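What follows is coords.tsv (TSV, C-alpha atoms and all ligand atoms).
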chain	number	residue	atom	x	y	z
A	195	MET	CA	-45.39	-0.71	39.42
A	196	GLY	CA	-45.94	-3.50	36.93
A	197	ILE	CA	-48.66	-1.53	35.10
A	198	ALA	CA	-46.55	1.64	34.92
A	199	ARG	CA	-43.63	-0.33	33.48
A	200	ALA	CA	-45.88	-1.88	30.89
A	201	LEU	CA	-47.18	1.56	29.85
A	202	ILE	CA	-43.73	3.09	29.33
A	203	ALA	CA	-42.08	-0.01	27.88
A	204	ILE	CA	-41.15	0.24	24.21
A	205	PRO	CA	-43.00	-2.55	22.35
A	206	THR	CA	-40.89	-5.12	20.53
A	207	PRO	CA	-41.96	-6.76	17.22
A	208	ALA	CA	-42.99	-9.81	19.29
A	209	ASP	CA	-45.40	-7.57	21.27
A	210	TYR	CA	-47.11	-6.47	18.03
A	211	LEU	CA	-47.44	-10.09	16.93
A	212	ASN	CA	-48.98	-11.09	20.26
A	213	ALA	CA	-51.32	-8.12	20.16
A	214	THR	CA	-52.77	-9.05	16.78
A	215	LEU	CA	-53.28	-12.61	17.91
A	216	ARG	CA	-55.13	-11.59	21.08
A	217	ARG	CA	-58.88	-12.10	20.59
A	218	ASP	CA	-60.01	-9.00	22.48
A	219	ASP	CA	-57.70	-6.68	20.52
A	220	PRO	CA	-59.69	-3.96	18.67
A	221	MET	CA	-57.59	-4.31	15.50
A	222	ASN	CA	-58.18	-8.02	15.59
A	223	TRP	CA	-61.95	-7.43	15.80
A	224	ILE	CA	-61.84	-5.18	12.75
A	225	THR	CA	-59.83	-7.63	10.62
A	226	ASN	CA	-61.71	-10.73	11.73
A	227	TYR	CA	-65.26	-9.47	12.01
A	228	VAL	CA	-65.97	-6.01	10.59
A	229	ARG	CA	-64.09	-6.39	7.32
A	230	PRO	CA	-65.56	-9.82	6.39
A	231	THR	CA	-69.06	-8.54	7.24
A	232	ILE	CA	-68.63	-5.49	5.00
A	233	ASN	CA	-67.17	-7.66	2.24
A	234	SER	CA	-70.01	-10.15	2.46
A	235	LEU	CA	-72.57	-7.32	2.31
A	236	PHE	CA	-71.12	-6.14	-1.00
A	237	SER	CA	-70.26	-9.49	-2.54
A	238	ARG	CA	-73.71	-10.91	-1.72
A	239	ARG	CA	-75.25	-8.70	-4.40
A	240	GLU	CA	-72.93	-10.04	-7.05
A	241	MET	CA	-73.88	-13.66	-6.28
A	242	PRO	CA	-77.00	-15.09	-7.99
A	243	GLU	CA	-79.75	-15.16	-5.40
A	244	ASN	CA	-80.76	-18.80	-5.66
A	245	LEU	CA	-78.47	-21.08	-7.58
A	246	TRP	CA	-80.26	-24.15	-6.29
A	247	GLU	CA	-83.88	-24.94	-5.60
A	248	LYS	CA	-85.25	-27.88	-3.66
A	249	CYS	CA	-88.01	-29.95	-5.28
A	250	PRO	CA	-91.00	-29.85	-2.90
A	251	SER	CA	-91.98	-33.38	-3.95
A	252	CYS	CA	-88.78	-35.49	-3.88
A	253	GLY	CA	-86.37	-33.10	-2.12
A	254	THR	CA	-83.72	-33.18	-4.87
A	255	MET	CA	-81.60	-30.03	-5.11
A	256	LEU	CA	-82.09	-28.70	-8.65
A	257	PHE	CA	-79.74	-26.31	-10.42
A	258	HIS	CA	-81.68	-23.14	-11.14
A	259	ARG	CA	-80.67	-22.79	-14.80
A	260	GLU	CA	-81.52	-26.42	-15.59
A	261	LEU	CA	-84.86	-26.04	-13.84
A	262	THR	CA	-85.70	-22.97	-15.98
A	263	GLU	CA	-84.67	-24.84	-19.14
A	264	ASN	CA	-86.99	-27.69	-18.12
A	265	GLN	CA	-89.86	-25.18	-17.58
A	266	ARG	CA	-89.74	-25.73	-13.79
A	267	VAL	CA	-90.44	-29.46	-13.99
A	268	CYS	CA	-88.25	-31.57	-11.65
A	269	ASN	CA	-86.04	-33.80	-13.82
A	270	SER	CA	-85.79	-36.30	-10.98
A	271	CYS	CA	-89.47	-37.01	-10.18
A	272	GLY	CA	-91.39	-34.99	-12.82
A	273	HIS	CA	-93.05	-32.71	-10.24
A	274	HIS	CA	-94.54	-29.60	-11.88
A	275	MET	CA	-93.64	-26.49	-9.86
A	276	THR	CA	-95.59	-23.22	-9.99
A	277	VAL	CA	-94.63	-20.91	-12.87
A	278	SER	CA	-95.40	-17.24	-13.33
A	279	PRO	CA	-97.20	-16.25	-16.59
A	280	ARG	CA	-93.99	-14.65	-17.89
A	281	GLU	CA	-91.93	-17.80	-17.20
A	282	ARG	CA	-94.64	-19.88	-18.83
A	283	PHE	CA	-94.82	-17.70	-21.96
A	284	ALA	CA	-91.01	-17.70	-22.21
A	285	GLY	CA	-91.05	-21.50	-22.44
A	286	PHE	CA	-94.29	-21.81	-24.42
A	287	PHE	CA	-93.95	-19.39	-27.34
A	288	ASP	CA	-91.49	-19.91	-30.20
A	289	GLY	CA	-88.17	-18.41	-29.12
A	290	GLY	CA	-89.89	-17.07	-25.97
A	291	LEU	CA	-91.25	-14.17	-28.08
A	292	TYR	CA	-94.72	-12.68	-27.57
A	293	THR	CA	-96.58	-9.37	-27.59
A	294	GLU	CA	-98.41	-8.42	-24.43
A	295	ILE	CA	-102.04	-7.36	-24.92
A	296	SER	CA	-103.20	-4.53	-22.66
A	297	VAL	CA	-106.07	-5.13	-20.25
A	298	PRO	CA	-108.50	-2.33	-19.22
A	299	GLN	CA	-107.92	-1.45	-15.56
A	300	PRO	CA	-110.91	-1.92	-13.24
A	301	ILE	CA	-111.88	0.37	-10.33
A	302	VAL	CA	-109.50	-0.01	-7.38
A	303	ASP	CA	-111.06	-1.35	-4.15
A	304	PRO	CA	-114.74	-0.64	-4.98
A	305	LEU	CA	-116.03	-2.03	-1.64
A	306	LEU	CA	-113.38	-0.35	0.55
A	307	PHE	CA	-112.73	-3.85	1.84
A	308	ARG	CA	-110.66	-4.49	4.91
A	309	ASP	CA	-109.82	-7.71	6.82
A	310	GLN	CA	-106.58	-7.80	8.85
A	311	LYS	CA	-105.16	-5.57	6.13
A	312	LYS	CA	-106.69	-3.07	3.72
A	313	TYR	CA	-107.29	-4.47	0.22
A	314	PRO	CA	-105.05	-1.84	-1.48
A	315	ASP	CA	-102.24	-2.78	0.95
A	316	ARG	CA	-102.62	-6.47	0.03
A	317	MET	CA	-102.52	-5.49	-3.64
A	318	LYS	CA	-99.34	-3.46	-3.13
A	319	ALA	CA	-97.67	-6.39	-1.33
A	320	ALA	CA	-98.65	-8.81	-4.13
A	321	GLN	CA	-97.41	-6.37	-6.79
A	322	LYS	CA	-94.09	-6.01	-4.98
A	323	GLN	CA	-93.72	-9.78	-4.55
A	324	THR	CA	-94.52	-10.73	-8.16
A	325	GLY	CA	-93.52	-7.60	-10.09
A	326	GLU	CA	-96.88	-7.80	-11.89
A	327	LYS	CA	-99.83	-5.42	-11.82
A	328	GLU	CA	-102.44	-8.15	-11.49
A	329	ALA	CA	-103.12	-11.89	-11.55
A	330	MET	CA	-103.50	-12.43	-15.31
A	331	LEU	CA	-101.40	-11.81	-18.40
A	332	VAL	CA	-102.63	-11.76	-22.03
A	333	ALA	CA	-100.28	-12.25	-24.99
A	334	GLU	CA	-100.16	-12.96	-28.71
A	335	GLY	CA	-97.43	-15.10	-30.23
A	336	GLU	CA	-96.62	-18.27	-32.12
A	337	ILE	CA	-96.26	-21.90	-31.02
A	338	MET	CA	-94.60	-24.16	-33.60
A	339	ARG	CA	-95.39	-21.41	-36.17
A	340	THR	CA	-99.08	-21.39	-35.22
A	341	ARG	CA	-100.30	-17.94	-34.21
A	342	ILE	CA	-102.41	-17.86	-31.04
A	343	VAL	CA	-103.63	-15.63	-28.22
A	344	ALA	CA	-102.73	-16.96	-24.76
A	345	VAL	CA	-103.97	-15.99	-21.31
A	346	ALA	CA	-102.18	-17.14	-18.14
A	347	GLN	CA	-103.19	-16.81	-14.52
A	348	ASP	CA	-100.59	-16.08	-11.82
A	349	PHE	CA	-101.05	-18.20	-8.69
A	350	GLU	CA	-98.35	-16.21	-6.85
A	351	PHE	CA	-100.48	-13.06	-7.14
A	352	MET	CA	-103.07	-13.34	-4.32
A	353	ALA	CA	-103.54	-17.06	-5.16
A	354	GLY	CA	-104.51	-16.14	-8.73
A	355	SER	CA	-107.89	-15.06	-7.39
A	356	MET	CA	-110.54	-14.12	-9.93
A	357	GLY	CA	-111.32	-10.45	-9.52
A	358	MET	CA	-112.49	-7.81	-11.97
A	359	HIS	CA	-109.06	-7.64	-13.59
A	360	VAL	CA	-109.05	-11.39	-14.35
A	361	GLY	CA	-112.51	-10.98	-15.92
A	362	ASN	CA	-111.27	-8.02	-17.97
A	363	ALA	CA	-108.18	-9.98	-19.05
A	364	ILE	CA	-110.22	-12.93	-20.32
A	365	ILE	CA	-112.59	-10.60	-22.18
A	366	ALA	CA	-109.61	-8.70	-23.65
A	367	GLY	CA	-108.09	-12.03	-24.72
A	368	CYS	CA	-111.34	-13.22	-26.34
A	369	GLU	CA	-111.95	-9.89	-28.11
A	370	HIS	CA	-108.37	-9.78	-29.39
A	371	ALA	CA	-108.63	-13.41	-30.61
A	372	ILE	CA	-111.88	-12.61	-32.46
A	373	LYS	CA	-110.43	-9.44	-34.00
A	374	ARG	CA	-107.34	-11.32	-35.17
A	375	LYS	CA	-109.26	-14.57	-35.97
A	376	LEU	CA	-106.93	-16.59	-33.75
A	377	PRO	CA	-107.50	-19.47	-31.31
A	378	LEU	CA	-107.32	-18.81	-27.56
A	379	VAL	CA	-105.28	-20.88	-25.10
A	380	LEU	CA	-105.90	-20.31	-21.39
A	381	PHE	CA	-103.70	-21.48	-18.50
A	382	SER	CA	-105.72	-21.50	-15.30
A	383	ALA	CA	-104.32	-21.43	-11.74
A	384	ALA	CA	-106.53	-20.09	-8.98
A	385	GLY	CA	-107.69	-20.44	-5.43
A	386	GLY	CA	-111.12	-19.18	-6.54
A	387	ALA	CA	-112.91	-15.84	-6.41
A	388	ARG	CA	-111.32	-12.71	-4.90
A	389	MET	CA	-113.31	-12.18	-1.73
A	390	GLN	CA	-112.08	-8.59	-1.38
A	391	GLU	CA	-114.23	-7.75	-4.41
A	392	GLY	CA	-117.32	-9.59	-3.12
A	393	ILE	CA	-120.18	-9.91	-5.58
A	394	LEU	CA	-118.16	-8.05	-8.24
A	395	SER	CA	-115.76	-11.00	-8.21
A	396	LEU	CA	-118.57	-13.55	-8.59
A	397	MET	CA	-119.95	-11.54	-11.51
A	398	GLN	CA	-116.81	-12.51	-13.46
A	399	MET	CA	-118.21	-16.04	-13.80
A	400	PRO	CA	-121.09	-15.06	-16.15
A	401	ARG	CA	-118.95	-12.33	-17.78
A	402	THR	CA	-116.18	-14.75	-18.77
A	403	THR	CA	-118.74	-17.39	-19.83
A	404	VAL	CA	-120.26	-14.86	-22.26
A	405	ALA	CA	-116.76	-14.00	-23.55
A	406	VAL	CA	-116.02	-17.71	-24.22
A	407	ASP	CA	-119.38	-17.95	-25.99
A	408	MET	CA	-118.35	-15.07	-28.26
A	409	LEU	CA	-115.31	-17.15	-29.32
A	410	ARG	CA	-117.59	-20.09	-30.05
A	411	GLU	CA	-119.88	-17.94	-32.19
A	412	ALA	CA	-116.84	-16.74	-34.13
A	413	GLY	CA	-115.90	-20.39	-34.72
A	414	LEU	CA	-112.54	-20.07	-32.96
A	415	PRO	CA	-111.03	-22.87	-30.84
A	416	TYR	CA	-110.66	-22.39	-27.09
A	417	ILE	CA	-108.21	-24.66	-25.26
A	418	VAL	CA	-107.90	-24.74	-21.48
A	419	VAL	CA	-104.78	-25.97	-19.68
A	420	LEU	CA	-105.61	-26.59	-16.03
A	421	THR	CA	-102.54	-26.18	-13.80
A	422	ASN	CA	-102.02	-26.82	-10.10
A	423	PRO	CA	-104.26	-25.73	-8.41
A	424	THR	CA	-107.44	-24.68	-10.23
A	425	THR	CA	-110.27	-24.43	-7.73
A	426	GLY	CA	-113.46	-22.61	-6.71
A	427	GLY	CA	-115.40	-20.27	-8.99
A	428	VAL	CA	-112.77	-20.58	-11.72
A	429	THR	CA	-113.69	-24.28	-12.21
A	430	ALA	CA	-117.35	-23.19	-12.26
A	431	SER	CA	-116.77	-20.89	-15.25
A	432	TYR	CA	-114.14	-20.27	-17.93
A	433	ALA	CA	-111.71	-23.03	-16.84
A	434	MET	CA	-114.19	-25.80	-17.65
A	435	LEU	CA	-115.55	-24.45	-20.94
A	436	GLY	CA	-112.72	-25.40	-23.29
A	437	ASP	CA	-113.27	-27.24	-26.56
A	438	VAL	CA	-110.32	-29.35	-25.39
A	439	GLN	CA	-109.54	-29.70	-21.68
A	440	ILE	CA	-105.89	-30.43	-20.90
A	441	ALA	CA	-104.29	-30.64	-17.43
A	442	GLU	CA	-100.72	-30.72	-16.21
A	443	PRO	CA	-99.74	-33.91	-14.30
A	444	GLY	CA	-100.68	-33.97	-10.62
A	445	ALA	CA	-102.74	-30.74	-10.79
A	446	LEU	CA	-105.45	-30.32	-8.16
A	447	ILE	CA	-108.68	-29.43	-9.96
A	448	CYS	CA	-111.85	-29.02	-7.92
A	449	PHE	CA	-114.69	-26.75	-6.85
A	450	ALA	CA	-114.49	-27.48	-3.10
A	451	GLY	CA	-111.16	-28.89	-1.87
A	452	PRO	CA	-110.71	-32.49	-0.60
A	453	ARG	CA	-110.40	-31.37	3.06
A	454	VAL	CA	-113.75	-29.55	2.95
A	455	ILE	CA	-115.47	-32.56	1.36
A	456	GLU	CA	-113.97	-35.00	3.89
A	457	GLN	CA	-115.16	-32.81	6.76
A	458	THR	CA	-118.64	-32.52	5.23
A	459	ILE	CA	-119.31	-36.14	4.29
A	460	ARG	CA	-117.17	-37.53	7.16
A	461	GLU	CA	-115.61	-40.15	4.90
A	462	LYS	CA	-112.11	-40.80	3.65
A	463	LEU	CA	-111.72	-39.88	-0.03
A	464	PRO	CA	-110.04	-42.24	-2.53
A	465	GLU	CA	-106.32	-41.91	-3.33
A	466	GLY	CA	-105.53	-39.14	-5.83
A	467	PHE	CA	-109.08	-37.74	-5.65
A	468	GLN	CA	-109.48	-34.49	-7.65
A	469	ARG	CA	-106.01	-34.83	-9.17
A	470	ALA	CA	-105.57	-34.53	-12.97
A	471	GLU	CA	-105.01	-38.29	-13.54
A	472	TYR	CA	-108.11	-39.23	-11.49
A	473	LEU	CA	-110.23	-36.70	-13.41
A	474	LEU	CA	-108.93	-38.01	-16.75
A	475	GLU	CA	-109.90	-41.56	-15.73
A	476	HIS	CA	-113.38	-40.34	-14.77
A	477	GLY	CA	-114.03	-38.43	-17.98
A	478	MET	CA	-113.61	-34.84	-16.73
A	479	LEU	CA	-110.55	-34.16	-18.92
A	480	ASP	CA	-109.38	-34.94	-22.45
A	481	ARG	CA	-105.64	-35.08	-21.80
A	482	VAL	CA	-102.99	-34.96	-19.08
A	483	THR	CA	-99.86	-33.55	-20.70
A	484	PRO	CA	-96.45	-32.78	-19.13
A	485	ARG	CA	-95.50	-29.10	-19.42
A	486	PRO	CA	-92.54	-29.51	-21.85
A	487	GLN	CA	-94.84	-31.32	-24.34
A	488	LEU	CA	-97.67	-28.76	-24.23
A	489	ARG	CA	-96.32	-26.69	-27.12
A	490	THR	CA	-96.32	-29.58	-29.60
A	491	GLU	CA	-99.61	-30.98	-28.36
A	492	ILE	CA	-101.53	-27.69	-28.45
A	493	ALA	CA	-100.04	-26.71	-31.83
A	494	THR	CA	-101.07	-30.13	-33.24
A	495	ILE	CA	-104.64	-29.83	-31.91
A	496	LEU	CA	-105.03	-26.24	-33.13
A	497	ARG	CA	-103.68	-27.04	-36.59
A	498	MET	CA	-106.08	-29.97	-36.86
A	499	LEU	CA	-109.02	-27.83	-35.73
A	500	GLY	CA	-108.02	-24.97	-38.03
A	501	GLY	CA	-107.50	-27.24	-41.07
A	502	LEU	CA	-103.83	-26.21	-41.32
A	503	GLY	CA	-100.91	-28.43	-42.34
A	504	PRO	CA	-99.16	-30.63	-39.78
A	505	VAL	CA	-96.74	-29.21	-37.21
A	506	VAL	CA	-93.19	-28.78	-38.45
A	507	HIS	CA	-90.76	-30.41	-36.03
A	508	GLY	CA	-87.29	-28.96	-35.92
A	509	ASP	CA	-86.22	-25.39	-36.34
A	510	LEU	CA	-86.38	-24.36	-39.98
A	511	PRO	CA	-85.47	-20.75	-40.78
A	512	ARG	CA	-88.46	-18.46	-41.16
A	513	PRO	CA	-89.16	-17.56	-44.84
A	514	ASP	CA	-87.99	-14.04	-45.63
A	515	PRO	CA	-90.93	-11.98	-47.02
A	516	ALA	CA	-88.60	-9.81	-49.16
A	517	ALA	CA	-87.07	-12.92	-50.76
A	518	ILE	CA	-90.54	-14.30	-51.58
A	519	ILE	CA	-91.57	-11.04	-53.30
A	520	GLU	CA	-88.26	-10.96	-55.21
A	521	ALA	CA	-88.72	-14.57	-56.37
A	522	ALA	CA	-92.29	-13.83	-57.48
A	523	GLN	CA	-91.16	-10.74	-59.40
A	524	ALA	CA	-88.33	-12.70	-61.06
A	525	GLU	CA	-90.78	-15.41	-62.04
A	526	ALA	CA	-93.22	-12.82	-63.46
A	527	ALA	CA	-90.41	-11.14	-65.42
A	528	ALA	CA	-89.31	-14.49	-66.83
A	529	GLN	CA	-92.84	-15.35	-67.88
A	530	THR	CA	-93.74	-12.02	-69.52
A	531	PRO	CA	-91.79	-12.40	-72.84
A	532	GLU	CA	-93.24	-15.88	-73.47
A	533	GLU	CA	-96.78	-14.69	-72.82
A	534	LYS	CA	-96.29	-11.76	-75.16
B	601	ZN	ZN	-88.67	-33.87	-7.66
Translate this structure into structure tokens?
Ligand SMILES: [Zn+2]
Amino acid sequence: MGIARALIAIPTPADYLNATLRRDDPMNWITNYVRPTINSLFSRREMPENLWEKCPSCGTMLFHRELTENQRVCNSCGHHMTVSPRERFAGFFDGGLYTEISVPQPIVDPLLFRDQKKYPDRMKAAQKQTGEKEAMLVAEGEIMRTRIVAVAQDFEFMAGSMGMHVGNAIIAGCEHAIKRKLPLVLFSAAGGARMQEGILSLMQMPRTTVAVDMLREAGLPYIVVLTNPTTGGVTASYAMLGDVQIAEPGALICFAGPRVIEQTIREKLPEGFQRAEYLLEHGMLDRVTPRPQLRTEIATILRMLGGLGPVVHGDLPRPDPAAIIEAAQAEAAAQTPEEK
């Protein structure tokens, strides 16, 4: 009887209020769960993906925009985080402006290599993750008004491994530098050779060495900036052939890693072994320079080597070519009557 009465009873405003407050009420579920979920799905896209990033060295939460402005160097402990070639060029070149130089594409998967995954599948995953075609980017631009060609390796792309494309990129960079009579600056970051390309990957060591030699014959400076980590076959070729060898602070630079050496010689290695500062102390490097100072330092070295005037500090406006021609014409016009 009670149920029947409840079914036919006319609900009062108080009944509606109670109904909306009841947790198992379907309307309540829609307002409290479904609607916020839908809203969050849409609003999530409008929010910047990562406003904050944690420093892997000291654990400080860093504001994303400030971190980008500081070229991904922690302003709390000075830890140098990994940068993509595009991020690096944006902070390195004057006004972040540069022209990308095209690199000839090598044959895709020449050995039909397969481990747990097929090589082309690994490539596709790396391309999706980084938004880049391959592990090296070549560009021409200016640093402190000094025109250069720069090559940067992408550690996020299959650990920056040296495959045929990396070889092609270095050769393209060297050839472009020779054609334009410009110095070459190379930023290395690699886990070594790309094993999916087998012997073809190892062949990039002599290929890139010959390319660097071509620069030398043309009398053009070649500066290497070793970044964390530069290891394996890369340190056995182009990354160690610079006229000036610079490293970023704390960078691991080695042929075989410290763990492998410890296991082989069964001895504990000294503190900071194979780090940039240790290598500088032991004569393997010329400089250890923090990333934000690289622009000034490299421009200064290149201007000294090229016999150019000193670096201009500060941001003077670029001379307008049209104004120079006009001034020259005015001067010529003023001089003509006197000469006649
Ligand atoms: Zn830090």
Practice problem: Could I get the residue neighbourhood of ligand ZN 601 (chain B) at 9 Å, counting all atoms listed in the file, as a list in words? | Solution: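 So the residues close to ligand ZN 601 (chain B) are Lys248, Cys249, Pro250, Ser251, Cys252, Gly253, Thr254, Met255, Leu256, Val267, Cys268, Asn269, Ser270, Cys271, Gly272, His273 and His274 of chain A.
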Using only C-alpha atoms, which residues sit within 8 Å of range 379-385 of chain A once same-chain residues fewer than 2 positions away are excluded, as a PDB file with C-alpha atoms, in the coordinates of the input?
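The resulting file, out_35.pdb, is shown below:
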ATOM      1  CA  ILE A 342    -102.410 -17.860 -31.040  1.00  0.00           C
ATOM      2  CA  VAL A 343    -103.630 -15.630 -28.220  1.00  0.00           C
ATOM      3  CA  ALA A 344    -102.730 -16.960 -24.760  1.00  0.00           C
ATOM      4  CA  VAL A 345    -103.970 -15.990 -21.310  1.00  0.00           C
ATOM      5  CA  ALA A 346    -102.180 -17.140 -18.140  1.00  0.00           C
ATOM      6  CA  GLN A 347    -103.190 -16.810 -14.520  1.00  0.00           C
ATOM      7  CA  ASP A 348    -100.590 -16.080 -11.820  1.00  0.00           C
ATOM      8  CA  PHE A 349    -101.050 -18.200  -8.690  1.00  0.00           C
ATOM      9  CA  ALA A 353    -103.540 -17.060  -5.160  1.00  0.00           C
ATOM     10  CA  GLY A 354    -104.510 -16.140  -8.730  1.00  0.00           C
ATOM     11  CA  SER A 355    -107.890 -15.060  -7.390  1.00  0.00           C
ATOM     12  CA  MET A 356    -110.540 -14.120  -9.930  1.00  0.00           C
ATOM     13  CA  PRO A 377    -107.500 -19.470 -31.310  1.00  0.00           C
ATOM     14  CA  ALA A 387    -112.910 -15.840  -6.410  1.00  0.00           C
ATOM     15  CA  TYR A 416    -110.660 -22.390 -27.090  1.00  0.00           C
ATOM     16  CA  ILE A 417    -108.210 -24.660 -25.260  1.00  0.00           C
ATOM     17  CA  VAL A 418    -107.900 -24.740 -21.480  1.00  0.00           C
ATOM     18  CA  VAL A 419    -104.780 -25.970 -19.680  1.00  0.00           C
ATOM     19  CA  LEU A 420    -105.610 -26.590 -16.030  1.00  0.00           C
ATOM     20  CA  THR A 421    -102.540 -26.180 -13.800  1.00  0.00           C
ATOM     21  CA  ASN A 422    -102.020 -26.820 -10.100  1.00  0.00           C
ATOM     22  CA  PRO A 423    -104.260 -25.730  -8.410  1.00  0.00           C
ATOM     23  CA  THR A 424    -107.440 -24.680 -10.230  1.00  0.00           C
ATOM     24  CA  THR A 425    -110.270 -24.430  -7.730  1.00  0.00           C
ATOM     25  CA  GLY A 426    -113.460 -22.610  -6.710  1.00  0.00           C
ATOM     26  CA  VAL A 428    -112.770 -20.580 -11.720  1.00  0.00           C
ATOM     27  CA  ALA A 433    -111.710 -23.030 -16.840  1.00  0.00           C
TER      28      ALA A 433
END
Exercise. Identify, on the basis of all atoms listed in the file, every residue whose closest approach to His359 in chain A does not exceed 8 Å; exclude the query and any residue fewer than 4 positions from it along the same chain; express the result as a count of residues only.
Key: 8
Exercise. Fewer than 6 positions away in the same chain doesn't count, so skip those; otherwise give me all residues within 7 Å of range 401-404 of chain A, counting only C-alpha atoms, as a ChimeraX atom specification.
Key: /A:361,364-365,431-432
Quiz item: From the list A:Met408, A:Ile519, A:Glu350, A:Ile295, which residue is nearest Ala320 in chain A when using all atoms listed in the file?
Solution: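 The answer is A:Glu350, which sits nearest to Ala320 in chain A.
Between Lys318 in chain A and the candidates A:Gln457, A:Met352, A:Leu331, A:Phe286, the tightest atom-to-atom separation, counting all atoms listed in the file, involves A:Met352.
Between Phe257 in chain A and the residues A:Arg282, A:Arg453, A:Glu471, A:Asn244, the shortest atom-to-atom distance, using only C-alpha atoms, involves A:Asn244.
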Self-check item: Interatomic distance, CA of Asp288 in chain A to CA of Ile337 in chain A (Å, one decimal)
Solution: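 Result for CA of Asp288 in chain A versus CA of Ile337 in chain A: 5.2 Å, one decimal.
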Exercise. Please provide as a PyMOL selection string all residues within 9 Å of Thr490 in chain A, with the sequence filter that same-chain residues fewer than 5 positions apart are discarded (counting only C-alpha atoms).
Key: chain A and resi 337-338+495+505+507
Quiz prompt | For CA of Ala284 in chain A and CA of Glu442 in chain A, the interatomic separation in Å (one decimal) | solution =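 We find that CA of Ala284 in chain A and CA of Glu442 in chain A lie 17.3 Å from each other.
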Exercise. For CA of Arg259 in chain A and CA of Glu336 in chain A, quote the distance in Å rounded to one decimal.
Key: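 Computing it gives 24.0 Å between the two atoms.
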Kindly extract all protein, DNA and RNA residues lying within 7 Å of the coordinates (-114.4, -28.3, -29.6) given in the file, considering all atoms listed in the file, and supply them as a PDB file with C-alpha atoms, keeping the file's coordinate frame.
ATOM      1  CA  PRO A 415    -111.030 -22.870 -30.840  1.00  0.00           C
ATOM      2  CA  ASP A 437    -113.270 -27.240 -26.560  1.00  0.00           C
ATOM      3  CA  VAL A 438    -110.320 -29.350 -25.390  1.00  0.00           C
TER       4      VAL A 438
END
Range 308-315 of chain A surroundings by all atoms listed in the file, 12 Å radius, close-in-sequence under 5 positions cut, as a PDB file with C-alpha atoms, keeping the file's coordinate frame:
ATOM      1  CA  ILE A 301    -111.880   0.370 -10.330  1.00  0.00           C
ATOM      2  CA  VAL A 302    -109.500  -0.010  -7.380  1.00  0.00           C
ATOM      3  CA  ASP A 303    -111.060  -1.350  -4.150  1.00  0.00           C
ATOM      4  CA  ALA A 320     -98.650  -8.810  -4.130  1.00  0.00           C
ATOM      5  CA  GLN A 321     -97.410  -6.370  -6.790  1.00  0.00           C
ATOM      6  CA  LYS A 322     -94.090  -6.010  -4.980  1.00  0.00           C
ATOM      7  CA  MET A 352    -103.070 -13.340  -4.320  1.00  0.00           C
ATOM      8  CA  ARG A 388    -111.320 -12.710  -4.900  1.00  0.00           C
ATOM      9  CA  MET A 389    -113.310 -12.180  -1.730  1.00  0.00           C
ATOM     10  CA  GLN A 390    -112.080  -8.590  -1.380  1.00  0.00           C
ATOM     11  CA  GLU A 391    -114.230  -7.750  -4.410  1.00  0.00           C
ATOM     12  CA  GLY A 392    -117.320  -9.590  -3.120  1.00  0.00           C
TER      13      GLY A 392
END
How about completing range 516-526 of chain A with N, CA and C atoms and giving it to me as a PDB file, in the frame of the given file?
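Below is the file that was written, result-v6.pdb:
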ATOM      1  N   ALA A 516     -89.235 -10.550 -48.062  1.00  0.00           N
ATOM      2  CA  ALA A 516     -88.600  -9.810 -49.160  1.00  0.00           C
ATOM      3  C   ALA A 516     -88.129 -10.782 -50.238  1.00  0.00           C
ATOM      4  N   ALA A 517     -87.578 -11.921 -49.817  1.00  0.00           N
ATOM      5  CA  ALA A 517     -87.070 -12.920 -50.760  1.00  0.00           C
ATOM      6  C   ALA A 517     -88.216 -13.537 -51.555  1.00  0.00           C
ATOM      7  N   ILE A 518     -89.371 -13.726 -50.901  1.00  0.00           N
ATOM      8  CA  ILE A 518     -90.540 -14.300 -51.580  1.00  0.00           C
ATOM      9  C   ILE A 518     -91.032 -13.350 -52.674  1.00  0.00           C
ATOM     10  N   ILE A 519     -91.121 -12.052 -52.335  1.00  0.00           N
ATOM     11  CA  ILE A 519     -91.570 -11.040 -53.300  1.00  0.00           C
ATOM     12  C   ILE A 519     -90.606 -10.977 -54.491  1.00  0.00           C
ATOM     13  N   GLU A 520     -89.317 -11.012 -54.183  1.00  0.00           N
ATOM     14  CA  GLU A 520     -88.260 -10.960 -55.210  1.00  0.00           C
ATOM     15  C   GLU A 520     -88.392 -12.149 -56.161  1.00  0.00           C
ATOM     16  N   ALA A 521     -88.600 -13.336 -55.572  1.00  0.00           N
ATOM     17  CA  ALA A 521     -88.720 -14.570 -56.370  1.00  0.00           C
ATOM     18  C   ALA A 521     -89.954 -14.493 -57.260  1.00  0.00           C
ATOM     19  N   ALA A 522     -91.042 -13.952 -56.717  1.00  0.00           N
ATOM     20  CA  ALA A 522     -92.290 -13.830 -57.480  1.00  0.00           C
ATOM     21  C   ALA A 522     -92.105 -12.851 -58.633  1.00  0.00           C
ATOM     22  N   GLN A 523     -91.405 -11.759 -58.352  1.00  0.00           N
ATOM     23  CA  GLN A 523     -91.160 -10.740 -59.400  1.00  0.00           C
ATOM     24  C   GLN A 523     -90.276 -11.309 -60.497  1.00  0.00           C
ATOM     25  N   ALA A 524     -89.252 -12.085 -60.100  1.00  0.00           N
ATOM     26  CA  ALA A 524     -88.330 -12.700 -61.060  1.00  0.00           C
ATOM     27  C   ALA A 524     -89.086 -13.677 -61.948  1.00  0.00           C
ATOM     28  N   GLU A 525     -89.982 -14.428 -61.312  1.00  0.00           N
ATOM     29  CA  GLU A 525     -90.780 -15.410 -62.040  1.00  0.00           C
ATOM     30  C   GLU A 525     -91.692 -14.702 -63.059  1.00  0.00           C
ATOM     31  N   ALA A 526     -92.320 -13.604 -62.594  1.00  0.00           N
ATOM     32  CA  ALA A 526     -93.220 -12.820 -63.460  1.00  0.00           C
ATOM     33  C   ALA A 526     -92.451 -12.236 -64.638  1.00  0.00           C
TER      34      ALA A 526
END
